[in-house]
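Chemist: Next comes the structure file final34.txt, holding compact mmCIF, C-alpha atoms and all ligand atoms.
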```
# COMPACT_ATOMS: atom_id res chain seq x y z
CA MET A 43 -12.32 11.46 57.67
CA THR A 44 -8.53 11.21 57.80
CA ASN A 45 -8.89 8.10 55.71
CA SER A 46 -10.72 10.10 53.01
CA ILE A 47 -7.89 12.63 52.98
CA SER A 48 -5.15 10.03 52.60
CA ARG A 49 -7.10 8.19 49.88
CA ARG A 50 -7.47 11.52 48.10
CA SER A 51 -3.77 12.30 48.22
CA GLU A 52 -3.04 8.88 46.65
CA ILE A 53 -5.07 9.80 43.62
CA ARG A 54 -3.40 13.18 43.28
CA SER A 55 0.13 11.85 43.50
CA ASN A 56 0.11 8.45 41.83
CA GLU A 57 -1.09 7.68 38.29
CA LEU A 58 -1.47 3.98 39.02
CA ALA A 59 -3.94 4.93 41.74
CA TRP A 60 -6.20 6.29 38.95
CA TYR A 61 -6.46 2.82 37.51
CA GLU A 62 -6.89 1.13 40.88
CA ARG A 63 -9.62 3.57 41.88
CA MET A 64 -11.47 3.02 38.60
CA LEU A 65 -11.40 -0.73 39.21
CA GLU A 66 -12.66 -0.07 42.74
CA ILE A 67 -15.58 2.05 41.52
CA ARG A 68 -16.57 -0.55 38.89
CA GLU A 69 -16.44 -3.48 41.30
CA PHE A 70 -18.15 -1.48 44.04
CA GLU A 71 -21.07 -0.78 41.73
CA ASN A 72 -21.22 -4.39 40.54
CA GLN A 73 -21.69 -5.37 44.18
CA VAL A 74 -24.21 -2.58 44.82
CA ASN A 75 -26.20 -3.89 41.86
CA ALA A 76 -26.11 -7.44 43.24
CA LEU A 77 -27.09 -6.26 46.74
CA PHE A 78 -29.97 -4.27 45.28
CA ALA A 79 -31.16 -7.28 43.26
CA SER A 80 -31.08 -9.48 46.39
CA GLY A 81 -33.18 -6.99 48.37
CA SER A 82 -30.37 -5.91 50.73
CA ILE A 83 -30.55 -2.32 49.48
CA ARG A 84 -33.85 -0.49 49.73
CA GLY A 85 -34.96 2.47 47.64
CA THR A 86 -33.05 2.81 44.40
CA THR A 87 -29.56 3.02 42.94
CA HIS A 88 -28.06 4.87 39.98
CA LEU A 89 -24.88 3.33 38.65
CA CYS A 90 -22.15 5.35 36.95
CA ASN A 91 -20.30 2.56 35.17
CA GLY A 92 -18.83 3.84 31.94
CA GLN A 93 -18.33 7.31 33.43
CA GLU A 94 -15.47 6.62 35.86
CA ALA A 95 -12.78 8.51 33.93
CA LEU A 96 -14.46 11.83 34.66
CA ASP A 97 -14.62 11.16 38.40
CA ILE A 98 -10.93 10.24 38.48
CA ALA A 99 -9.85 13.27 36.43
CA ILE A 100 -11.73 15.64 38.74
CA ALA A 101 -10.42 14.05 41.96
CA SER A 102 -6.84 13.97 40.71
CA LEU A 103 -6.77 17.73 40.07
CA LEU A 104 -8.97 19.55 42.59
CA ARG A 105 -7.69 20.42 46.08
CA ASN A 106 -9.40 19.24 49.27
CA ASP A 107 -10.58 22.79 49.96
CA ASP A 108 -12.30 23.01 46.55
CA VAL A 109 -15.89 21.76 46.46
CA VAL A 110 -17.92 19.48 44.21
CA ALA A 111 -21.72 19.53 43.85
CA ALA A 112 -22.93 16.33 42.20
CA THR A 113 -26.09 14.32 41.59
CA TYR A 114 -27.80 11.07 42.55
CA ARG A 115 -25.37 9.24 40.21
CA SER A 116 -22.44 9.88 42.54
CA HIS A 117 -20.98 6.66 43.92
CA GLY A 118 -18.03 7.14 41.56
CA ILE A 119 -17.21 10.76 42.36
CA ALA A 120 -17.53 10.04 46.10
CA LEU A 121 -15.05 7.14 45.95
CA ALA A 122 -12.74 9.06 43.62
CA LEU A 123 -12.67 12.08 45.94
CA GLY A 124 -11.55 9.79 48.76
CA LEU A 125 -14.61 8.53 50.64
CA THR A 126 -13.96 4.94 51.67
CA PRO A 127 -15.93 2.14 50.03
CA HIS A 128 -17.03 1.19 53.55
CA SER A 129 -18.54 4.61 54.32
CA VAL A 130 -20.27 4.85 50.92
CA LEU A 131 -21.69 1.32 51.00
CA ALA A 132 -22.78 1.76 54.60
CA GLU A 133 -24.64 4.93 53.58
CA ILE A 134 -26.30 3.14 50.67
CA MET A 135 -27.34 0.29 53.00
CA GLY A 136 -28.65 2.67 55.69
CA LYS A 137 -26.03 1.83 58.31
CA ALA A 138 -24.88 4.13 61.11
CA THR A 139 -21.31 3.90 59.79
CA GLY A 140 -22.29 5.59 56.51
CA CYS A 141 -20.88 8.96 55.47
CA ALA A 142 -24.21 10.61 56.42
CA GLY A 143 -24.87 8.33 59.38
CA GLY A 144 -27.10 6.09 57.28
CA VAL A 145 -29.99 8.55 57.12
CA GLY A 146 -29.18 9.95 53.67
CA GLY A 147 -28.84 6.90 51.45
CA SER A 148 -27.40 6.43 47.98
CA MET A 149 -28.41 9.88 46.67
CA HIS A 150 -27.12 11.93 49.61
CA LEU A 151 -23.41 11.26 49.96
CA CYS A 152 -21.09 13.85 51.48
CA ASP A 153 -17.73 14.43 53.13
CA LYS A 154 -16.63 17.97 53.90
CA SER A 155 -13.00 16.94 54.47
CA VAL A 156 -12.52 16.26 50.75
CA GLY A 157 -14.97 18.83 49.42
CA LEU A 158 -17.95 16.64 48.54
CA LEU A 159 -21.03 18.76 49.16
CA PRO A 160 -24.17 16.71 49.87
CA THR A 161 -25.20 15.15 46.56
CA SER A 162 -28.70 15.89 45.32
CA ALA A 163 -31.53 14.05 43.59
CA ILE A 164 -32.91 17.32 42.29
CA ILE A 165 -31.91 17.69 38.64
CA GLY A 166 -29.94 20.91 38.24
CA GLY A 167 -29.89 21.42 42.02
CA GLY A 168 -26.11 21.33 42.29
CA MET A 169 -25.45 24.13 39.81
CA PRO A 170 -26.69 27.13 41.82
CA ILE A 171 -25.19 25.53 44.93
CA ALA A 172 -21.78 25.41 43.23
CA ALA A 173 -22.23 29.00 42.03
CA GLY A 174 -23.09 30.03 45.59
CA ALA A 175 -19.98 28.34 46.96
CA ALA A 176 -17.92 30.04 44.25
CA LEU A 177 -19.42 33.42 45.18
CA SER A 178 -18.38 32.90 48.80
CA PHE A 179 -14.81 32.06 47.69
CA GLN A 180 -14.74 35.22 45.57
CA ILE A 181 -16.05 37.44 48.37
CA ARG A 182 -13.52 35.97 50.83
CA LYS A 183 -10.73 36.41 48.24
CA GLN A 184 -9.86 32.71 48.38
CA ASP A 185 -8.40 30.94 45.35
CA ARG A 186 -10.76 27.97 45.79
CA VAL A 187 -12.86 26.46 43.01
CA ALA A 188 -16.39 25.03 42.96
CA LEU A 189 -17.34 22.38 40.44
CA ALA A 190 -20.82 21.28 39.41
CA LEU A 191 -21.10 17.82 37.88
CA PHE A 192 -24.38 17.00 36.14
CA GLY A 193 -25.95 15.13 33.24
CA ASP A 194 -26.99 16.10 29.72
CA GLY A 195 -30.70 16.14 30.63
CA SER A 196 -29.99 18.73 33.32
CA THR A 197 -28.94 21.30 30.71
CA ASN A 198 -32.64 21.65 29.81
CA ILE A 199 -33.59 22.89 33.24
CA GLY A 200 -33.95 26.50 34.38
CA SER A 201 -31.38 26.42 37.19
CA PHE A 202 -28.68 25.46 34.66
CA HIS A 203 -29.29 28.65 32.65
CA GLU A 204 -29.83 30.94 35.64
CA SER A 205 -26.68 29.73 37.32
CA MET A 206 -24.54 29.91 34.14
CA ASN A 207 -25.71 33.47 33.53
CA LEU A 208 -24.89 34.63 37.04
CA ALA A 209 -21.54 32.80 37.10
CA SER A 210 -20.53 34.49 33.88
CA ILE A 211 -21.59 38.04 34.71
CA TRP A 212 -19.91 37.84 38.15
CA LYS A 213 -16.90 35.86 36.86
CA LEU A 214 -17.34 33.24 39.57
CA PRO A 215 -14.65 30.55 40.07
CA VAL A 216 -16.96 27.72 39.07
CA ILE A 217 -16.59 24.87 36.59
CA TYR A 218 -19.65 23.30 35.00
CA ILE A 219 -19.01 19.74 33.87
CA CYS A 220 -21.71 17.95 31.95
CA ASP A 221 -21.38 14.20 31.60
CA ASN A 222 -23.24 13.72 28.36
CA ASN A 223 -24.04 10.02 28.69
CA VAL A 224 -26.61 10.15 25.85
CA TYR A 225 -29.65 9.44 28.07
CA GLY A 226 -31.83 11.25 30.59
CA GLU A 227 -33.86 8.62 32.45
CA TYR A 228 -35.41 6.47 29.70
CA SER A 229 -35.10 8.95 26.82
CA ARG A 230 -32.29 9.21 24.29
CA ILE A 231 -30.93 12.73 23.97
CA ASN A 232 -32.28 13.23 20.42
CA LEU A 233 -35.85 12.92 21.80
CA THR A 234 -35.44 15.63 24.43
CA THR A 235 -32.80 18.08 23.25
CA PRO A 236 -32.63 19.84 19.87
CA ILE A 237 -28.80 19.96 19.73
CA GLU A 238 -26.16 17.25 19.98
CA ASP A 239 -23.23 19.28 21.31
CA LEU A 240 -24.37 20.80 24.57
CA HIS A 241 -21.23 22.83 25.24
CA ILE A 242 -22.39 25.43 22.72
CA ARG A 243 -25.08 26.43 25.20
CA ALA A 244 -22.30 28.30 27.05
CA GLU A 245 -22.06 30.69 24.07
CA SER A 246 -25.26 32.40 25.27
CA TYR A 247 -23.43 33.28 28.47
CA ALA A 248 -20.12 34.33 26.86
CA MET A 249 -18.52 31.50 28.82
CA PRO A 250 -15.46 29.57 27.59
CA HIS A 251 -16.46 26.03 26.69
CA GLU A 252 -15.15 22.84 25.15
CA LYS A 253 -16.13 19.25 24.50
CA VAL A 254 -13.84 16.38 25.41
CA ASP A 255 -13.61 12.62 25.17
CA GLY A 256 -15.17 11.53 28.45
CA MET A 257 -13.62 8.06 28.26
CA SER A 258 -10.00 9.22 28.65
CA VAL A 259 -8.61 10.39 31.99
CA TYR A 260 -5.70 12.16 30.28
CA THR A 261 -7.87 14.14 27.85
CA LEU A 262 -10.28 15.11 30.59
CA ARG A 263 -7.42 16.24 32.82
CA GLU A 264 -6.08 18.55 30.10
CA ALA A 265 -9.45 20.30 29.74
CA LEU A 266 -9.93 20.47 33.49
CA GLU A 267 -6.47 21.92 34.07
CA ARG A 268 -7.31 24.80 31.76
CA ALA A 269 -10.63 25.41 33.53
CA ILE A 270 -9.14 25.20 37.03
CA GLU A 271 -6.34 27.61 36.12
CA ARG A 272 -8.91 30.06 34.69
CA ALA A 273 -11.11 29.86 37.80
CA ARG A 274 -8.25 30.18 40.33
CA SER A 275 -6.72 33.15 38.56
CA GLY A 276 -9.92 35.21 38.45
CA GLY A 277 -10.80 34.36 34.84
CA GLY A 278 -14.28 33.09 35.75
CA PRO A 279 -16.30 30.02 34.84
CA THR A 280 -15.87 27.31 32.17
CA PHE A 281 -18.30 24.80 30.71
CA ILE A 282 -16.94 21.37 29.76
CA GLU A 283 -19.00 18.71 28.02
CA ALA A 284 -17.59 15.19 28.48
CA LYS A 285 -18.88 12.74 25.87
CA THR A 286 -19.48 9.50 27.73
CA TYR A 287 -22.01 6.69 28.03
CA ARG A 288 -24.12 5.12 30.75
CA PHE A 289 -23.35 1.37 30.60
CA ALA A 290 -26.22 0.56 33.00
CA GLY A 291 -29.87 1.55 32.78
CA HIS A 292 -31.14 4.69 34.51
CA SER A 293 -31.80 3.11 37.90
CA ARG A 294 -33.07 0.07 39.74
CA ALA A 295 -33.65 -2.87 37.44
CA ASP A 296 -33.84 -0.83 34.22
CA GLN A 297 -32.35 -3.02 31.48
CA ALA A 298 -32.49 -0.11 28.98
CA PRO A 299 -34.45 -1.91 26.23
CA TYR A 300 -34.86 1.48 24.52
CA ARG A 301 -31.24 1.57 23.30
CA PRO A 302 -30.55 1.18 19.59
CA VAL A 303 -29.01 -2.21 18.79
CA GLY A 304 -25.21 -2.18 19.00
CA GLU A 305 -24.92 1.22 20.72
CA LEU A 306 -23.86 -0.16 24.11
CA GLU A 307 -21.35 -2.56 22.54
CA SER A 308 -19.82 0.20 20.49
CA TRP A 309 -19.28 2.43 23.56
CA LYS A 310 -18.03 -0.52 25.61
CA SER A 311 -15.18 -0.96 23.16
CA ARG A 312 -13.98 2.39 24.57
CA ASP A 313 -14.59 1.47 28.21
CA PRO A 314 -12.62 4.07 30.23
CA ILE A 315 -10.93 1.31 32.23
CA LEU A 316 -9.76 -0.33 29.00
CA VAL A 317 -8.57 2.99 27.59
CA LEU A 318 -6.37 3.68 30.64
CA GLU A 319 -5.26 0.05 30.83
CA ASN A 320 -4.00 0.21 27.24
CA GLN A 321 -2.21 3.50 27.83
CA PHE A 322 -0.49 2.07 30.92
CA LYS A 323 0.42 -1.15 29.10
CA GLU A 324 2.05 0.86 26.32
CA SER A 325 4.05 2.94 28.78
CA GLY A 326 5.08 -0.18 30.76
CA LYS A 327 3.23 0.85 33.95
CA LEU A 328 1.01 -2.25 33.77
CA THR A 329 1.40 -5.79 32.49
CA GLU A 330 -1.19 -8.55 31.93
CA ASP A 331 -0.05 -10.06 35.24
CA SER A 332 -0.23 -6.87 37.28
CA ILE A 333 -3.67 -6.11 35.80
CA ALA A 334 -4.98 -9.55 36.79
CA ALA A 335 -3.51 -9.16 40.30
CA LYS A 336 -5.09 -5.72 40.76
CA LYS A 337 -8.49 -6.97 39.59
CA MET A 338 -8.32 -9.90 42.00
CA GLU A 339 -7.22 -7.74 44.92
CA THR A 340 -10.08 -5.30 44.24
CA GLU A 341 -12.72 -8.04 44.09
CA LYS A 342 -11.45 -9.56 47.34
CA ARG A 343 -11.30 -6.22 49.15
CA ILE A 344 -14.81 -5.15 48.08
CA ALA A 345 -16.24 -8.58 49.00
CA GLU A 346 -14.75 -8.18 52.49
CA ILE A 347 -16.22 -4.69 52.81
CA VAL A 348 -19.67 -5.99 51.81
CA GLN A 349 -19.45 -8.54 54.62
CA GLU A 350 -18.31 -5.93 57.15
CA VAL A 351 -21.04 -3.44 56.23
CA GLN A 352 -23.77 -6.06 56.45
CA ASN A 353 -22.81 -6.55 60.10
CA ASP A 354 -22.70 -2.82 60.89
CA PRO A 355 -25.36 -1.30 63.19
CA GLU A 356 -28.32 0.65 61.87
CA PRO A 357 -28.91 4.22 63.07
CA LEU A 358 -31.26 4.81 65.96
CA VAL A 359 -34.66 6.31 65.12
CA GLY A 360 -33.68 9.47 67.02
CA ASP A 361 -30.70 9.97 64.72
CA ILE A 362 -32.96 11.54 62.11
CA PHE A 363 -33.16 14.59 64.38
CA LYS A 364 -29.39 15.03 64.51
CA ASN A 365 -27.74 17.70 62.35
CA ILE A 366 -30.93 19.71 62.01
CA TRP A 367 -30.83 23.44 62.65
CA ALA A 368 -33.69 25.82 63.32
CA GLY A 369 -33.32 29.56 62.80
CA SER A 370 -34.86 32.13 65.13
CA ARG A 371 -35.67 35.79 64.46
CA SER A 372 -35.66 36.79 68.12
C1 LIG B 401 -36.09 18.93 39.29
C2 LIG B 401 -36.25 17.51 38.81
N1 LIG B 401 -37.04 17.23 37.76
C3 LIG B 401 -37.18 15.94 37.32
C4 LIG B 401 -36.54 14.92 37.98
C5 LIG B 401 -36.72 13.47 37.49
N2 LIG B 401 -35.49 12.96 36.89
C6 LIG B 401 -34.70 12.09 37.54
S1 LIG B 401 -33.37 11.63 36.64
C7 LIG B 401 -33.83 12.60 35.33
C8 LIG B 401 -33.00 12.65 34.08
C9 LIG B 401 -31.66 13.32 34.25
O1 LIG B 401 -30.84 13.07 33.17
P1 LIG B 401 -29.35 13.55 33.12
O2 LIG B 401 -29.24 14.95 33.64
O3 LIG B 401 -28.84 13.30 31.76
O4 LIG B 401 -28.60 12.64 34.21
P2 LIG B 401 -28.21 11.09 34.18
O5 LIG B 401 -29.32 10.35 34.84
O6 LIG B 401 -27.98 10.69 32.78
O7 LIG B 401 -26.97 11.00 35.01
C10 LIG B 401 -35.04 13.26 35.63
C11 LIG B 401 -35.71 14.18 34.68
C12 LIG B 401 -35.75 15.25 39.11
N3 LIG B 401 -35.08 14.32 39.81
N4 LIG B 401 -35.59 16.54 39.49
MG MG B 402 -27.67 11.74 31.03
```
Let me see whether you can do it: turn the structure in this file into C-alpha cells.
Ligand SMILES: Cc1ncc(C[n+]2csc(CCOP(=O)(O)OP(=O)(O)O)c2C)c(N)n1
Ligand SMILES: [Mg+2]

Modeler:
Amino acid sequence: MTNSISRRSEIRSNELAWYERMLEIREFENQVNALFASGSIRGTTHLCNGQEALDIAIASLLRNDDVVAATYRSHGIALALGLTPHSVLAEIMGKATGCAGGVGGSMHLCDKSVGLLPTSAIIGGGMPIAAGAALSFQIRKQDRVALALFGDGSTNIGSFHESMNLASIWKLPVIYICDNNVYGEYSRINLTTPIEDLHIRAESYAMPHEKVDGMSVYTLREALERAIERARSGGGPTFIEAKTYRFAGHSRADQAPYRPVGELESWKSRDPILVLENQFKESGKLTEDSIAAKKMETEKRIAEIVQEVQNDPEPLVGDIFKNIWAGSRS
C-alpha cells in the first residue's frame, strides 16, 4: 500500500516519471501477452497499449483521495495510479500477493490507498459508481473528485446516459473520460455508432465537453486540469473524449483482422510513448542514450518481477469467503 502511494507521488512530481511509467505499462503488457500465450495466465486479458497517455495524465493530476472507476482494460490505469507491477501481475496470475488477493483477476484490480475503485467488466458499470462516489463527496462537502474512465462503445449503453443526466442536474463533481479507441470488441465505431465525435452527446445533458488528442500527455493534462478545477469548485461534471487507438486486438488472441489496411500503422506513427519521447528530446530531458538505458532497465525489472510472481503462493480455497459482507434486517 505505502509503495502504491510513493509510486503515485513520483508521477505527480516528476515529468520524467511519466515517460518511465509509460514504458513500464507497455513492457508489462508485452509480458502479460506472452504469459497468456504460454498458458501461464488463465481466463482472458485486455491490453491497453496505445492508450497509456491517458492513464498517465489522469494519475499525474488527481489526488490520492479522489477516485477512479475503470473497466476491464485497466492494467495501465492501475500501474499509473501507483499499484506495483508485482501486485497487478500477481492479481492477473491468481496469486495471493495480488492487489485483490488473487481472487479477482485481470478485470478486478483495486487499491483504495490511491483511489482505484474495483475495476469492472460490466460495460458502463463504472459510470453510475463514479456518480455515486461524487454524490457522497458533495453531501459530505468534500472537494474530492470522481472520475469514470470508459470506452467509446460504452457511450451506447443506458447507464452512460442515466448517469450523465443525474450528474448534470445535481452538479456532481464527476469527470467522464471516454477513450475513443475506434473499436468496441470486434466492431469498428462506424458500424455501431451513428456519430464520430462522441463528446457532443454531453450536449443533451447541458454538460461542458471537449475532445482532445489522446496520444499526448500534455494535451490531455490541459483538458483534465480544466475539468478537475470545475469539479472541485462546485461547477459540476465534464465530459472529455480522448481520441486514441487500441494497438492490440480486443482480448485474448484477437489479431484484429477486421481493421482496414494501414489504420494500425498510421496510428502507431503517433504512439503516445513516441510523442512524449520526442517532446522530451526537444526539451533536452532525454537523449538517445538515456532512452535506451531506460528501456533496458524497464525490461530487466519487469522480467525479474515475472520470475518473482511465478514463485508466489496461490490463495487458499477459503480465501474466496474473505471480504464478503452480509446485511441483516434484525
Ligand atoms: C453490460 C455489458 N454488455 C456487453 C458486454 C460485452 N462487451 C465486452 S467488451 C464490449 C465492447 C466495449 O467497447 P468499448 O466501450 O469501446 O471499450 P474497449 O474494449 O474499446 O476498451 C462489450 C459490448 C459487457 N461486458 N457488459
Ligand atoms: Mg473502444

Chemist: Counting all atoms listed in the file, note down every residue that has an atom within 10 Å of the point (-32.7, -2.0, 52.6) (file coordinates), as a count of residues only.

Modeler: 14

Chemist: So, with only C-alpha atoms and all ligand atoms as the atoms that count, which of A:Lys285, A:Lys154, A:Arg343, A:Lys213 lies closest to ligand LIG 401 (chain B)?

Modeler: A:Lys285

Chemist: Counting all atoms listed in the file, which residues of range 230-337 of chain A fall within 7 Å of range 59-76 of chain A, and what is the closest atom pair for each with its distance in Å at one decimal, ordered by chain and rising number, as a tab-separated table?

Modeler:
```
residue	atom	partner	partner_atom	distance
A:Ile315	CA	A:Met64	CA	6.6
A:Leu318	CA	A:Tyr61	CA	6.9
A:Lys337	CA	A:Leu65	CA	6.9
```

Chemist: For the selection you just gave me, I'd like the residues written to a file as a CSV table (one decimal), in the frame of the given file, keeping C-alpha atoms.

Modeler:
```
chain,number,residue,atom,x,y,z
A,315,ILE,CA,-10.9,1.3,32.2
A,318,LEU,CA,-6.4,3.7,30.6
A,337,LYS,CA,-8.5,-7.0,39.6
```

Chemist: Report the distance between CA of Asn232 in chain A and atom P1 of ligand LIG 401 (chain B) in Å, rounded to one decimal place.

Modeler: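 CA of Asn232 in chain A sits 13.0 Å away from atom P1 of ligand LIG 401 (chain B).
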
Chemist: Using CA of Thr87 in chain A and atom C12 of ligand LIG 401 (chain B) as the two end points, give the distance in Å to one decimal.

Modeler: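 Those two atoms sit 14.2 Å apart.
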
Chemist: Which residues are near ligand MG 402 (chain B) - at most 10 Å, using all atoms listed in the file? Format: as a compact mmCIF listing (two decimals) with C-alpha atoms, in the frame of the given file.

Modeler:
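The resulting file, pocket.txt, is shown below:
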```
# COMPACT_ATOMS: atom_id res chain seq x y z
CA ARG A 115 -25.37 9.24 40.21
CA PHE A 192 -24.38 17.00 36.14
CA GLY A 193 -25.95 15.13 33.24
CA ASP A 194 -26.99 16.10 29.72
CA GLY A 195 -30.70 16.14 30.63
CA SER A 196 -29.99 18.73 33.32
CA THR A 197 -28.94 21.30 30.71
CA CYS A 220 -21.71 17.95 31.95
CA ASP A 221 -21.38 14.20 31.60
CA ASN A 222 -23.24 13.72 28.36
CA ASN A 223 -24.04 10.02 28.69
CA VAL A 224 -26.61 10.15 25.85
CA TYR A 225 -29.65 9.44 28.07
CA GLY A 226 -31.83 11.25 30.59
CA GLU A 227 -33.86 8.62 32.45
CA TYR A 228 -35.41 6.47 29.70
CA SER A 229 -35.10 8.95 26.82
CA ARG A 230 -32.29 9.21 24.29
CA ILE A 231 -30.93 12.73 23.97
CA THR A 286 -19.48 9.50 27.73
CA TYR A 287 -22.01 6.69 28.03
CA ARG A 288 -24.12 5.12 30.75
CA HIS A 292 -31.14 4.69 34.51
```

Chemist: Which residue is closest to Tyr247 in chain A? Choose from A:Leu358, A:Ile211, A:Ala112, A:Ile270 and count only C-alpha atoms.

Modeler: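 Using only C-alpha atoms, Tyr247 in chain A sits closest to A:Ile211.
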
Chemist: Would you please work out which residue, of A:Ile344, A:Val259, A:Cys90, A:Ala273, is nearest to ligand LIG 401 (chain B) when using only C-alpha atoms and all ligand atoms?

Modeler: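 Going through A:Ile344, A:Val259, A:Cys90, A:Ala273 one by one, the smallest distance to ligand LIG 401 (chain B) is for A:Cys90.
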